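Structure data follow from protein-v3.txt (compact mmCIF, N, CA and C atoms):
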# COMPACT_ATOMS: atom_id res chain seq x y z
N MET A 1 58.84 -5.16 -96.30
CA MET A 1 59.62 -4.21 -95.53
C MET A 1 59.29 -4.39 -94.06
N ASN A 2 60.26 -4.20 -93.23
CA ASN A 2 60.09 -4.39 -91.80
C ASN A 2 59.93 -3.03 -91.13
N TYR A 3 58.72 -2.77 -90.63
CA TYR A 3 58.44 -1.50 -89.97
C TYR A 3 58.47 -1.68 -88.46
N THR A 4 59.11 -0.75 -87.77
CA THR A 4 59.05 -0.74 -86.32
C THR A 4 57.85 0.09 -85.90
N PRO A 5 57.35 -0.10 -84.69
CA PRO A 5 56.21 0.71 -84.24
C PRO A 5 56.50 2.22 -84.30
N GLU A 6 57.71 2.61 -84.03
CA GLU A 6 58.06 4.03 -84.08
C GLU A 6 57.93 4.57 -85.50
N GLU A 7 58.35 3.77 -86.48
CA GLU A 7 58.24 4.19 -87.88
C GLU A 7 56.78 4.28 -88.31
N ILE A 8 55.99 3.33 -87.87
CA ILE A 8 54.57 3.32 -88.24
C ILE A 8 53.86 4.54 -87.67
N ARG A 9 54.20 4.92 -86.45
CA ARG A 9 53.55 6.06 -85.80
C ARG A 9 53.82 7.38 -86.53
N GLN A 10 54.84 7.43 -87.35
CA GLN A 10 55.16 8.65 -88.09
C GLN A 10 54.21 8.86 -89.27
N TYR A 11 53.50 7.82 -89.68
CA TYR A 11 52.59 7.93 -90.81
C TYR A 11 51.21 8.41 -90.36
N THR A 12 50.46 8.98 -91.28
CA THR A 12 49.09 9.39 -90.98
C THR A 12 48.19 8.15 -91.01
N ASP A 13 46.98 8.31 -90.49
CA ASP A 13 46.05 7.19 -90.47
C ASP A 13 45.77 6.69 -91.89
N ALA A 14 45.58 7.60 -92.82
CA ALA A 14 45.29 7.20 -94.20
C ALA A 14 46.45 6.42 -94.80
N GLU A 15 47.67 6.84 -94.51
CA GLU A 15 48.83 6.13 -95.04
C GLU A 15 48.93 4.73 -94.44
N ILE A 16 48.62 4.61 -93.15
CA ILE A 16 48.67 3.30 -92.51
C ILE A 16 47.62 2.38 -93.10
N VAL A 17 46.42 2.91 -93.34
CA VAL A 17 45.35 2.10 -93.94
C VAL A 17 45.79 1.61 -95.32
N ASP A 18 46.43 2.47 -96.09
CA ASP A 18 46.93 2.07 -97.41
C ASP A 18 48.00 0.98 -97.28
N MET A 19 48.88 1.13 -96.29
CA MET A 19 49.93 0.13 -96.07
C MET A 19 49.32 -1.21 -95.67
N VAL A 20 48.28 -1.17 -94.82
CA VAL A 20 47.62 -2.41 -94.41
C VAL A 20 47.01 -3.08 -95.63
N ARG A 21 46.34 -2.31 -96.47
CA ARG A 21 45.72 -2.86 -97.68
C ARG A 21 46.78 -3.50 -98.58
N GLU A 22 47.89 -2.81 -98.73
CA GLU A 22 48.98 -3.31 -99.57
C GLU A 22 49.54 -4.62 -99.00
N HIS A 23 49.77 -4.65 -97.68
CA HIS A 23 50.30 -5.86 -97.06
C HIS A 23 49.30 -7.01 -97.14
N ARG A 24 48.02 -6.72 -96.98
CA ARG A 24 47.01 -7.78 -97.07
C ARG A 24 46.96 -8.35 -98.48
N ASP A 25 47.08 -7.48 -99.47
CA ASP A 25 47.11 -7.96 -100.86
C ASP A 25 48.31 -8.86 -101.09
N ARG A 26 49.45 -8.43 -100.59
CA ARG A 26 50.67 -9.22 -100.75
C ARG A 26 50.53 -10.57 -100.05
N LEU A 27 49.95 -10.57 -98.85
CA LEU A 27 49.76 -11.81 -98.10
C LEU A 27 48.79 -12.75 -98.82
N SER A 28 47.71 -12.21 -99.35
CA SER A 28 46.76 -13.06 -100.07
C SER A 28 47.40 -13.64 -101.33
N ASP A 29 48.24 -12.87 -102.00
CA ASP A 29 48.95 -13.40 -103.16
C ASP A 29 49.88 -14.55 -102.76
N MET A 30 50.58 -14.36 -101.64
CA MET A 30 51.48 -15.41 -101.17
C MET A 30 50.70 -16.67 -100.82
N LYS A 31 49.55 -16.50 -100.15
CA LYS A 31 48.73 -17.66 -99.77
C LYS A 31 48.19 -18.37 -101.00
N TYR A 32 47.80 -17.59 -102.00
CA TYR A 32 47.23 -18.17 -103.21
C TYR A 32 48.28 -18.95 -103.99
N HIS A 33 49.47 -18.39 -104.11
CA HIS A 33 50.51 -19.01 -104.94
C HIS A 33 51.31 -20.07 -104.20
N HIS A 34 51.24 -20.09 -102.88
CA HIS A 34 52.05 -21.03 -102.11
C HIS A 34 51.76 -22.49 -102.46
N PRO A 35 50.51 -22.92 -102.58
CA PRO A 35 50.29 -24.34 -102.94
C PRO A 35 50.79 -24.68 -104.35
N LEU A 36 50.77 -23.69 -105.24
CA LEU A 36 51.20 -23.95 -106.61
C LEU A 36 52.72 -24.01 -106.73
N SER A 37 53.36 -23.03 -106.14
CA SER A 37 54.82 -23.01 -106.11
C SER A 37 55.22 -22.42 -104.76
N PRO A 38 55.79 -23.24 -103.90
CA PRO A 38 56.07 -22.79 -102.54
C PRO A 38 56.87 -21.49 -102.49
N VAL A 39 56.50 -20.67 -101.51
CA VAL A 39 57.19 -19.40 -101.31
C VAL A 39 58.63 -19.67 -100.95
N GLU A 40 59.53 -18.86 -101.48
CA GLU A 40 60.96 -19.06 -101.22
C GLU A 40 61.26 -18.99 -99.73
N ASN A 41 60.62 -18.03 -99.06
CA ASN A 41 60.86 -17.85 -97.64
C ASN A 41 59.51 -17.85 -96.91
N PRO A 42 59.08 -19.00 -96.37
CA PRO A 42 57.79 -19.08 -95.72
C PRO A 42 57.67 -18.16 -94.50
N ALA A 43 58.78 -17.80 -93.90
CA ALA A 43 58.74 -16.90 -92.75
C ALA A 43 58.26 -15.51 -93.17
N LEU A 44 58.34 -15.21 -94.45
CA LEU A 44 57.87 -13.92 -94.96
C LEU A 44 56.37 -13.76 -94.76
N MET A 45 55.62 -14.85 -94.85
CA MET A 45 54.19 -14.79 -94.63
C MET A 45 53.90 -14.42 -93.17
N ARG A 46 54.60 -15.03 -92.26
CA ARG A 46 54.43 -14.74 -90.83
C ARG A 46 54.83 -13.29 -90.53
N LYS A 47 55.92 -12.86 -91.11
CA LYS A 47 56.40 -11.49 -90.92
C LYS A 47 55.37 -10.48 -91.43
N THR A 48 54.76 -10.76 -92.56
CA THR A 48 53.76 -9.88 -93.14
C THR A 48 52.53 -9.80 -92.23
N ARG A 49 52.09 -10.94 -91.70
CA ARG A 49 50.95 -10.94 -90.77
C ARG A 49 51.24 -10.11 -89.54
N LYS A 50 52.45 -10.21 -89.02
CA LYS A 50 52.81 -9.45 -87.82
C LYS A 50 52.87 -7.96 -88.11
N GLU A 51 53.35 -7.58 -89.29
CA GLU A 51 53.38 -6.16 -89.65
C GLU A 51 51.96 -5.60 -89.77
N ILE A 52 51.04 -6.39 -90.34
CA ILE A 52 49.65 -5.96 -90.43
C ILE A 52 49.09 -5.76 -89.03
N ALA A 53 49.37 -6.69 -88.14
CA ALA A 53 48.89 -6.59 -86.76
C ALA A 53 49.44 -5.35 -86.07
N ARG A 54 50.73 -5.05 -86.28
CA ARG A 54 51.32 -3.85 -85.69
C ARG A 54 50.60 -2.59 -86.15
N MET A 55 50.35 -2.52 -87.46
CA MET A 55 49.71 -1.35 -88.03
C MET A 55 48.28 -1.19 -87.49
N LEU A 56 47.56 -2.30 -87.41
CA LEU A 56 46.19 -2.23 -86.92
C LEU A 56 46.16 -1.88 -85.43
N THR A 57 47.14 -2.35 -84.68
CA THR A 57 47.22 -2.00 -83.26
C THR A 57 47.43 -0.51 -83.08
N ILE A 58 48.31 0.07 -83.86
CA ILE A 58 48.58 1.51 -83.75
C ILE A 58 47.35 2.32 -84.18
N LEU A 59 46.65 1.87 -85.22
CA LEU A 59 45.41 2.53 -85.62
C LEU A 59 44.38 2.46 -84.50
N GLY A 60 44.27 1.31 -83.86
CA GLY A 60 43.34 1.15 -82.74
C GLY A 60 43.68 2.05 -81.57
N GLU A 61 44.98 2.19 -81.29
CA GLU A 61 45.41 3.08 -80.21
C GLU A 61 45.01 4.51 -80.51
N ARG A 62 45.18 4.93 -81.75
CA ARG A 62 44.84 6.30 -82.14
C ARG A 62 43.34 6.55 -82.05
N GLN A 63 42.55 5.57 -82.42
CA GLN A 63 41.11 5.75 -82.41
C GLN A 63 40.55 5.77 -80.99
N SER A 64 41.22 5.08 -80.07
CA SER A 64 40.74 5.05 -78.69
C SER A 64 41.10 6.32 -77.91
N GLN A 65 41.98 7.12 -78.47
CA GLN A 65 42.39 8.36 -77.77
C GLN A 65 41.41 9.47 -77.96

What's the structure tokens form of this structure?
Amino acid sequence: MNYTPEEIRQYTDAEIVDMVREHRDRLSDMKYHHPLSPVENPALMRKTRKEIARMLTILGERQSQ
């Protein structure tokens, strides 16, 4: 799923942490299975990494306030 920063900010910290965990699990599955059977859309891996980075950035902003 493609989250915008505005959408991510609507979630609580706990929800964002859960989303990060979920995305990391999905990314590790993609990385694990990619050598065995290539991912249909390799750009999905890049997109997932960027979404994780967005979520972690917003969490960092909240913690610094």

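Relative to atom C of Met55 in chain A, CA of Pro5 in chain A is found at 8.8 Å.
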
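Nearest residue to Val17 in chain A, choosing from A:Leu59, A:Ala53, A:Met30, A:Leu36 and counting only N, CA and C atoms: A:Leu59.
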
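Computed from the coordinates, the CA of Tyr3 in chain A to CA of Thr48 in chain A distance equals 10.1 Å.
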
Who sits within 8 Å of Ile58 in chain A, only N, CA and C atoms, same chain under 4 positions skipped, as a CSV table (one decimal) with N, CA and C atoms, keeping the file's coordinate frame:
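Dumped everything to selection.csv:
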chain,number,residue,atom,x,y,z
A,5,PRO,N,57.4,-0.1,-84.7
A,5,PRO,CA,56.2,0.7,-84.2
A,5,PRO,C,56.5,2.2,-84.3
A,8,ILE,N,56.0,3.3,-87.9
A,8,ILE,CA,54.6,3.3,-88.2
A,8,ILE,C,53.9,4.5,-87.7
A,9,ARG,N,54.2,4.9,-86.4
A,9,ARG,CA,53.6,6.1,-85.8
A,9,ARG,C,53.8,7.4,-86.5
A,52,ILE,N,51.0,-6.4,-90.3
A,52,ILE,CA,49.6,-6.0,-90.4
A,52,ILE,C,49.1,-5.8,-89.0
A,53,ALA,N,49.4,-6.7,-88.1
A,53,ALA,CA,48.9,-6.6,-86.8
A,53,ALA,C,49.4,-5.4,-86.1
A,54,ARG,N,50.7,-5.0,-86.3
A,54,ARG,CA,51.3,-3.8,-85.7
A,54,ARG,C,50.6,-2.6,-86.2
A,62,ARG,N,45.2,4.9,-81.8
A,62,ARG,CA,44.8,6.3,-82.1
A,62,ARG,C,43.3,6.6,-82.0
A,63,GLN,N,42.6,5.6,-82.4
A,63,GLN,CA,41.1,5.8,-82.4
A,63,GLN,C,40.6,5.8,-81.0
A,64,SER,N,41.2,5.1,-80.1
A,64,SER,CA,40.7,5.0,-78.7
A,64,SER,C,41.1,6.3,-77.9

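For the pair atom N of Asn2 in chain A and atom C of Arg46 in chain A, the interatomic distance is 10.9 Å.
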